[in-house]
$ cat my_file.txt   # compact mmCIF, C-alpha atoms
# COMPACT_ATOMS: atom_id res chain seq x y z
CA MET A 975 0.00 0.00 0.00
CA LYS A 976 0.92 3.64 -0.43
CA PRO A 977 0.52 6.24 2.38
CA GLU A 978 -2.21 7.99 0.38
CA ASP A 979 -4.28 4.80 0.29
CA THR A 980 -5.35 5.47 3.90
CA GLU A 981 -5.68 9.26 3.63
CA ILE A 982 -9.19 10.74 3.72
CA TRP A 983 -9.67 14.20 2.21
CA GLU A 984 -13.45 14.66 2.04
CA PRO A 985 -15.86 15.75 3.39
CA VAL A 986 -13.91 18.54 5.06
CA PRO A 987 -15.12 19.33 8.62
CA PRO A 988 -16.83 22.74 8.95
CA LYS A 989 -14.85 25.60 10.40
CA VAL A 990 -15.87 26.81 13.87
CA THR A 991 -14.16 29.83 15.42
CA PRO A 992 -13.56 29.33 19.15
CA GLY A 993 -14.28 32.09 21.61
CA GLN A 994 -11.48 34.51 22.33
CA ASN A 995 -11.65 33.68 26.04
CA ILE A 996 -13.27 31.07 28.27
CA ASN A 997 -16.42 33.16 28.67
CA GLU A 998 -17.04 33.59 24.94
CA PRO A 999 -19.03 30.94 23.02
CA PRO A 1000 -17.88 29.46 19.69
CA SER A 1001 -19.14 30.89 16.42
CA ASP A 1002 -21.79 28.22 15.81
CA ALA A 1003 -23.34 28.32 19.29
CA ILE A 1004 -27.00 29.07 19.99
CA ILE A 1005 -26.92 31.69 22.75
CA LEU A 1006 -29.56 30.99 25.40
CA PHE A 1007 -28.46 33.62 27.91
CA HIS A 1008 -25.99 36.42 27.17
CA GLY A 1009 -26.47 38.43 30.35
CA LYS A 1010 -29.00 40.97 29.11
CA ASN A 1011 -32.49 39.45 29.09
CA MET A 1012 -34.51 36.23 29.21
CA ASP A 1013 -35.82 36.44 25.64
CA GLU A 1014 -34.88 32.81 24.92
CA TRP A 1015 -36.81 31.48 27.93
CA ILE A 1016 -40.38 30.95 29.07
CA VAL A 1017 -40.69 31.91 32.74
CA GLY A 1018 -43.61 30.54 34.74
CA ASP A 1019 -45.94 32.62 36.87
CA ASN A 1020 -44.69 31.20 40.17
CA THR A 1021 -41.02 32.11 39.81
CA GLU A 1022 -39.13 35.39 39.36
CA TRP A 1023 -35.69 35.43 37.75
CA ILE A 1024 -33.74 38.67 38.16
CA VAL A 1025 -31.18 39.74 35.52
CA GLU A 1026 -28.36 41.98 36.70
CA ASP A 1027 -24.61 42.37 36.13
CA ASN A 1028 -24.65 39.88 33.23
CA PHE A 1029 -26.15 37.00 35.20
CA VAL A 1030 -29.61 35.82 36.21
CA THR A 1031 -30.60 34.75 39.72
CA ILE A 1032 -33.57 32.77 40.95
CA THR A 1033 -35.61 34.69 43.50
CA PRO A 1034 -36.07 32.11 46.27
CA SER A 1035 -39.58 30.73 46.31
CA THR A 1036 -41.56 30.48 49.51
CA GLU A 1037 -42.31 26.81 48.95
CA LYS A 1038 -39.93 23.95 48.24
CA LYS A 1039 -39.98 22.99 44.58
CA ILE A 1040 -38.68 19.73 43.18
CA SER A 1041 -40.30 19.88 39.74
CA PRO A 1042 -38.81 21.63 36.69
CA THR A 1043 -41.86 23.79 36.03
CA SER A 1044 -40.53 27.32 36.32
CA ILE A 1045 -38.35 28.14 33.32
CA ARG A 1046 -37.66 26.50 29.97
CA THR A 1047 -36.15 27.38 26.63
CA LYS A 1048 -38.32 28.43 23.72
CA LYS A 1049 -36.13 26.33 21.43
CA GLU A 1050 -35.98 22.54 21.62
CA PHE A 1051 -32.84 20.40 21.47
CA GLY A 1052 -31.81 16.80 20.88
CA ASP A 1053 -28.14 15.79 20.72
CA MET A 1054 -26.14 18.73 21.98
CA GLN A 1055 -23.12 20.27 23.65
CA LEU A 1056 -24.31 22.53 26.48
CA HIS A 1057 -22.27 25.10 28.40
CA VAL A 1058 -23.66 26.55 31.65
CA GLU A 1059 -21.99 28.63 34.34
CA TRP A 1060 -23.65 28.72 37.77
CA ARG A 1061 -23.08 30.02 41.29
CA SER A 1062 -24.59 28.98 44.60
CA PRO A 1063 -25.24 31.67 47.25
CA ALA A 1064 -22.15 32.79 49.15
CA GLU A 1065 -24.05 32.86 52.43
CA ILE A 1066 -24.64 29.38 53.86
CA ASP A 1067 -27.95 29.11 55.69
CA SER A 1068 -28.75 25.42 55.31
CA SER A 1069 -27.22 22.04 54.49
CA GLY A 1070 -27.65 18.96 52.34
CA GLN A 1071 -30.18 19.25 49.52
CA ARG A 1072 -31.40 22.63 50.77
CA ARG A 1073 -28.05 24.32 50.08
CA GLY A 1074 -27.72 25.96 46.66
CA ASN A 1075 -30.05 23.49 44.97
CA SER A 1076 -31.09 23.81 41.34
CA GLY A 1077 -30.75 21.61 38.28
CA ILE A 1078 -30.07 21.45 34.57
CA ILE A 1079 -33.08 19.51 33.30
CA ILE A 1080 -32.29 18.24 29.82
CA GLN A 1081 -35.37 17.65 27.69
CA GLY A 1082 -37.47 18.36 30.78
CA ARG A 1083 -36.69 14.84 32.07
CA TYR A 1084 -33.00 14.16 32.70
CA GLU A 1085 -31.29 16.17 35.43
CA VAL A 1086 -27.69 17.10 36.00
CA GLN A 1087 -27.78 18.26 39.61
CA VAL A 1088 -26.76 21.76 40.65
CA LEU A 1089 -25.89 21.90 44.35
CA ASP A 1090 -23.40 23.52 46.69
CA SER A 1091 -21.35 20.37 47.32
CA TYR A 1092 -18.35 22.09 48.86
CA ASP A 1093 -18.00 20.51 52.32
CA ASN A 1094 -21.70 19.70 52.25
CA PRO A 1095 -22.47 15.99 52.83
CA THR A 1096 -25.61 14.60 51.18
CA TYR A 1097 -26.55 11.44 49.30
CA ILE A 1098 -23.87 11.12 46.64
CA ASN A 1099 -26.21 10.42 43.72
CA GLY A 1100 -27.70 13.84 44.49
CA GLN A 1101 -24.55 15.96 44.80
CA ALA A 1102 -23.25 18.42 42.22
CA ALA A 1103 -22.62 16.92 38.76
CA SER A 1104 -24.60 13.78 39.53
CA VAL A 1105 -27.22 12.52 37.12
CA TYR A 1106 -29.84 12.98 39.80
CA LYS A 1107 -30.70 9.71 41.62
CA GLN A 1108 -28.98 7.74 38.82
CA HIS A 1109 -25.21 8.28 38.51
CA ILE A 1110 -22.68 9.34 41.16
CA PRO A 1111 -20.08 11.80 39.83
CA LEU A 1112 -16.56 10.45 39.36
CA VAL A 1113 -15.19 13.32 41.47
CA ASN A 1114 -16.37 16.24 43.58
CA ALA A 1115 -14.92 19.21 41.69
CA SER A 1116 -16.95 21.84 43.54
CA ARG A 1117 -15.67 25.34 44.19
CA PRO A 1118 -16.54 27.16 47.44
CA PRO A 1119 -20.01 28.75 47.69
CA GLY A 1120 -20.24 32.11 45.96
CA GLU A 1121 -17.70 31.22 43.26
CA TRP A 1122 -18.65 30.65 39.63
CA GLN A 1123 -18.61 27.07 38.38
CA THR A 1124 -18.91 25.57 34.91
CA TYR A 1125 -20.67 22.59 33.41
CA ASP A 1126 -19.87 21.39 29.92
CA ILE A 1127 -22.45 18.73 29.12
CA PHE A 1128 -22.45 16.43 26.08
CA PHE A 1129 -25.83 14.78 25.61
CA THR A 1130 -27.12 12.14 23.22
CA ALA A 1131 -30.91 11.97 23.18
CA PRO A 1132 -32.78 8.67 23.43
CA ARG A 1133 -34.43 7.11 20.40
CA PHE A 1134 -37.87 5.48 20.28
CA ASP A 1135 -39.69 3.56 17.58
CA VAL A 1136 -43.11 4.56 16.25
CA GLN A 1137 -44.81 2.46 18.94
CA GLY A 1138 -42.91 4.33 21.66
CA ASN A 1139 -40.51 1.52 22.52
CA LEU A 1140 -37.01 2.52 23.57
CA LEU A 1141 -34.47 1.79 20.84
CA LYS A 1142 -31.47 3.51 22.41
CA PRO A 1143 -31.14 5.21 25.81
CA ALA A 1144 -29.76 8.68 26.40
CA PHE A 1145 -26.11 9.19 27.33
CA VAL A 1146 -24.39 12.13 29.02
CA THR A 1147 -20.84 13.27 29.70
CA VAL A 1148 -20.32 16.09 32.21
CA VAL A 1149 -17.17 18.17 32.71
CA HIS A 1150 -17.36 20.09 36.00
CA ASN A 1151 -14.91 22.99 36.34
CA GLY A 1152 -12.72 21.40 33.69
CA ILE A 1153 -12.71 17.97 35.37
CA LEU A 1154 -14.50 14.91 34.02
CA ALA A 1155 -17.39 14.06 36.35
CA GLN A 1156 -19.62 11.83 34.18
CA TYR A 1157 -18.26 9.79 31.28
CA ASN A 1158 -20.80 8.56 28.74
CA ALA A 1159 -23.22 7.69 31.55
CA GLU A 1160 -26.30 5.80 30.40
CA ILE A 1161 -29.42 7.61 31.55
CA GLN A 1162 -31.96 5.19 32.98
CA GLY A 1163 -35.08 7.25 32.32
CA THR A 1164 -37.00 10.29 33.51
CA ILE A 1165 -35.82 11.58 36.90
CA LYS A 1166 -37.83 10.64 39.96
CA HIS A 1167 -37.42 12.03 43.45
CA VAL A 1168 -39.18 8.93 44.77
CA GLY A 1169 -38.86 5.56 43.07
CA TYR A 1170 -36.85 4.32 40.11
CA PRO A 1171 -36.51 6.05 36.71
CA GLU A 1172 -38.16 4.73 33.58
CA TYR A 1173 -38.47 6.02 30.05
CA ASP A 1174 -41.54 7.58 28.52
CA ALA A 1175 -41.48 8.11 24.76
CA HIS A 1176 -41.02 11.69 23.54
CA PRO A 1177 -39.94 13.57 20.39
CA LEU A 1178 -36.22 13.77 19.60
CA LYS A 1179 -36.05 17.47 20.47
CA GLN A 1180 -37.37 18.92 23.74
CA PRO A 1181 -36.80 22.12 25.78
CA LEU A 1182 -34.06 22.65 28.32
CA TYR A 1183 -35.15 23.60 31.87
CA LEU A 1184 -33.46 25.40 34.75
CA GLN A 1185 -34.95 24.37 38.06
CA ASP A 1186 -36.28 26.58 40.83
CA HIS A 1187 -35.73 24.61 44.02
CA GLY A 1188 -36.17 27.56 46.36
CA ASN A 1189 -32.52 28.70 46.45
CA ALA A 1190 -30.99 31.88 44.99
CA VAL A 1191 -28.77 30.16 42.44
CA SER A 1192 -27.31 32.31 39.64
CA PHE A 1193 -26.54 31.45 36.00
CA ARG A 1194 -24.60 33.07 33.17
CA ASN A 1195 -23.06 32.29 29.75
CA ILE A 1196 -25.51 29.60 28.64
CA TRP A 1197 -25.10 28.29 25.12
CA VAL A 1198 -25.75 25.17 23.05
CA ARG A 1199 -24.16 23.56 20.01
CA GLU A 1200 -26.48 21.15 18.26
CA LEU A 1201 -24.78 17.89 17.32
$ encode --input "my_file.txt" --output "structure tokens"
Amino acid sequence: MKPEDTEIWEPVPPKVTPGQNINEPPSDAIILFHGKNMDEWIVGDNTEWIVEDNFVTITPSTEKKISPTSIRTKKEFGDMQLHVEWRSPAEIDSSGQRRGNSGIIIQGRYEVQVLDSYDNPTYINGQAASVYKQHIPLVNASRPPGEWQTYDIFFTAPRFDVQGNLLKPAFVTVVHNGILAQYNAEIQGTIKHVGYPEYDAHPLKQPLYLQDHGNAVSFRNIWVREL
């Protein structure tokens, strides 16, 4: 054989210009929050999200919430690369699941937990960067409360046949503050606070939710690349 016999020249991958710094999205990203307004989101009547200083903060609700009903994207996504930066409150006034709790709810069903897990013991399949109640993170890469943290999430949506039977489950990889926390974890179904997860058939593309769990968690620099 000749060297050129194993060379592939086409199709040429598309060009994507990376951001000039870590806070700038790549050129092909869909910007979901740029620090100015919530135009890309649908905010429910029971939650107030305050935009200031290029970030958005949940106004703590008076009742404990464990359902992703408060805010969702207008656009819908399937396979994707998702970047989110978040910050738990600097002031510690509780512990466990009541401390800086929120969540990245992919497709309104599959949750990557947001929690202040810095010196904060709780059940480990519910700490930061867990696939909630399904997969324990490989590491605890949490920064102290009040500091900004990053999630880079790579998600492959599940596939169903026309009868609604599961053909292929969802998978997720999570990089927390630059450290691998979930590696191609197989999602077992829709999140459940009580009981075991199971799949319910849904379209390939669904909205992304940010959860109001009653804590003043902040978010910034949210963008998606569709895969």
$ closest_residue --input "my_file.txt" --among "A:Trp983, A:Phe1134, A:Phe1145, A:Phe1129" --to "His1176 of chain A" --atoms "all atoms listed in the file"
A:Phe1134
$ residues_around --input "my_file.txt" --residues "Thr1147 of chain A" --least-positions-apart "4" --cutoff "8 Å" --atoms "all atoms listed in the file" --output "ChimeraX atom specification"
/A:1127-1129,1154-1159
$ residues_around --input "my_file.txt" --residues "Gln1123 of chain A" --least-positions-apart "5" --cutoff "9 Å" --atoms "all atoms listed in the file" --output "list in words"
Val1058, Glu1059, Trp1060, Arg1061, Ser1062, Ser1116, Arg1117, His1150 and Asn1151 of chain A
$ atom_distance --input "my_file.txt" --atom1 "atom CA of Asp1126 of chain A" --atom2 "atom CA of Glu1022 of chain A"
25.6 Å
$ closest_residue --input "my_file.txt" --among "A:Arg1083, A:Gln1071, A:Lys989, A:Arg1046" --to "Asp1002 of chain A" --atoms "only C-alpha atoms"
A:Lys989
$ residues_around --input "my_file.txt" --residues "segment 1100-1104 of chain A" --least-positions-apart "4" --cutoff "6 Å" --atoms "all atoms listed in the file" --output "PyMOL selection string"
chain A and resi 1086-1089+1091+1109-1111
$ residues_around --input "my_file.txt" --residues "Leu1201 of chain A" --least-positions-apart "2" --cutoff "7 Å" --atoms "all atoms listed in the file" --output "MDAnalysis selection string"
chainID A and resid 1053:1055 1199
$ atom_distance --input "my_file.txt" --atom1 "atom CA of Tyr1097 of chain A" --atom2 "atom CA of Leu1184 of chain A"
21.3 Å
$ residues_around --input "my_file.txt" --residues "Ile1016 of chain A" --least-positions-apart "2" --cutoff "8 Å" --atoms "only C-alpha atoms" --output "PDB file with C-alpha atoms, in the coordinates of the input"
ATOM      1  CA  MET A1012     -34.510  36.230  29.210  1.00  0.00           C
ATOM      2  CA  ASP A1013     -35.820  36.440  25.640  1.00  0.00           C
ATOM      3  CA  GLU A1014     -34.880  32.810  24.920  1.00  0.00           C
ATOM      4  CA  GLY A1018     -43.610  30.540  34.740  1.00  0.00           C
ATOM      5  CA  ILE A1045     -38.350  28.140  33.320  1.00  0.00           C
ATOM      6  CA  ARG A1046     -37.660  26.500  29.970  1.00  0.00           C
ATOM      7  CA  THR A1047     -36.150  27.380  26.630  1.00  0.00           C
ATOM      8  CA  LYS A1048     -38.320  28.430  23.720  1.00  0.00           C
TER       9      LYS A1048
END
$ build_atoms --input "my_file.txt" --residues "segment 994-1007 of chain A" --atoms "N, CA and C atoms" --output "compact mmCIF listing (two decimals), keeping the file's coordinate frame"
# COMPACT_ATOMS: atom_id res chain seq x y z
N GLN A 994 -12.78 33.91 22.05
CA GLN A 994 -11.48 34.51 22.33
C GLN A 994 -11.02 34.29 23.76
N ASN A 995 -11.99 33.97 24.64
CA ASN A 995 -11.65 33.68 26.04
C ASN A 995 -12.64 32.63 26.53
N ILE A 996 -12.46 32.17 27.76
CA ILE A 996 -13.27 31.07 28.27
C ILE A 996 -14.73 31.45 28.44
N ASN A 997 -15.04 32.74 28.47
CA ASN A 997 -16.42 33.16 28.67
C ASN A 997 -17.13 33.45 27.36
N GLU A 998 -16.45 33.26 26.23
CA GLU A 998 -17.04 33.59 24.94
C GLU A 998 -17.39 32.30 24.19
N PRO A 999 -18.62 32.18 23.71
CA PRO A 999 -19.03 30.94 23.02
C PRO A 999 -18.41 30.84 21.63
N PRO A 1000 -18.37 29.63 21.05
CA PRO A 1000 -17.88 29.46 19.69
C PRO A 1000 -18.85 30.05 18.67
N SER A 1001 -18.38 30.16 17.44
CA SER A 1001 -19.14 30.89 16.42
C SER A 1001 -20.44 30.22 16.04
N ASP A 1002 -20.57 28.90 16.23
CA ASP A 1002 -21.79 28.22 15.81
C ASP A 1002 -22.74 27.94 16.97
N ALA A 1003 -22.51 28.57 18.11
CA ALA A 1003 -23.34 28.32 19.29
C ALA A 1003 -24.69 29.05 19.19
N ILE A 1004 -25.70 28.43 19.78
CA ILE A 1004 -27.00 29.07 19.99
C ILE A 1004 -26.97 29.68 21.39
N ILE A 1005 -27.06 31.00 21.47
CA ILE A 1005 -26.92 31.69 22.75
C ILE A 1005 -28.28 31.67 23.46
N LEU A 1006 -28.32 31.06 24.64
CA LEU A 1006 -29.56 30.99 25.40
C LEU A 1006 -29.63 32.05 26.49
N PHE A 1007 -28.48 32.50 26.98
CA PHE A 1007 -28.46 33.62 27.91
C PHE A 1007 -27.13 34.34 27.78
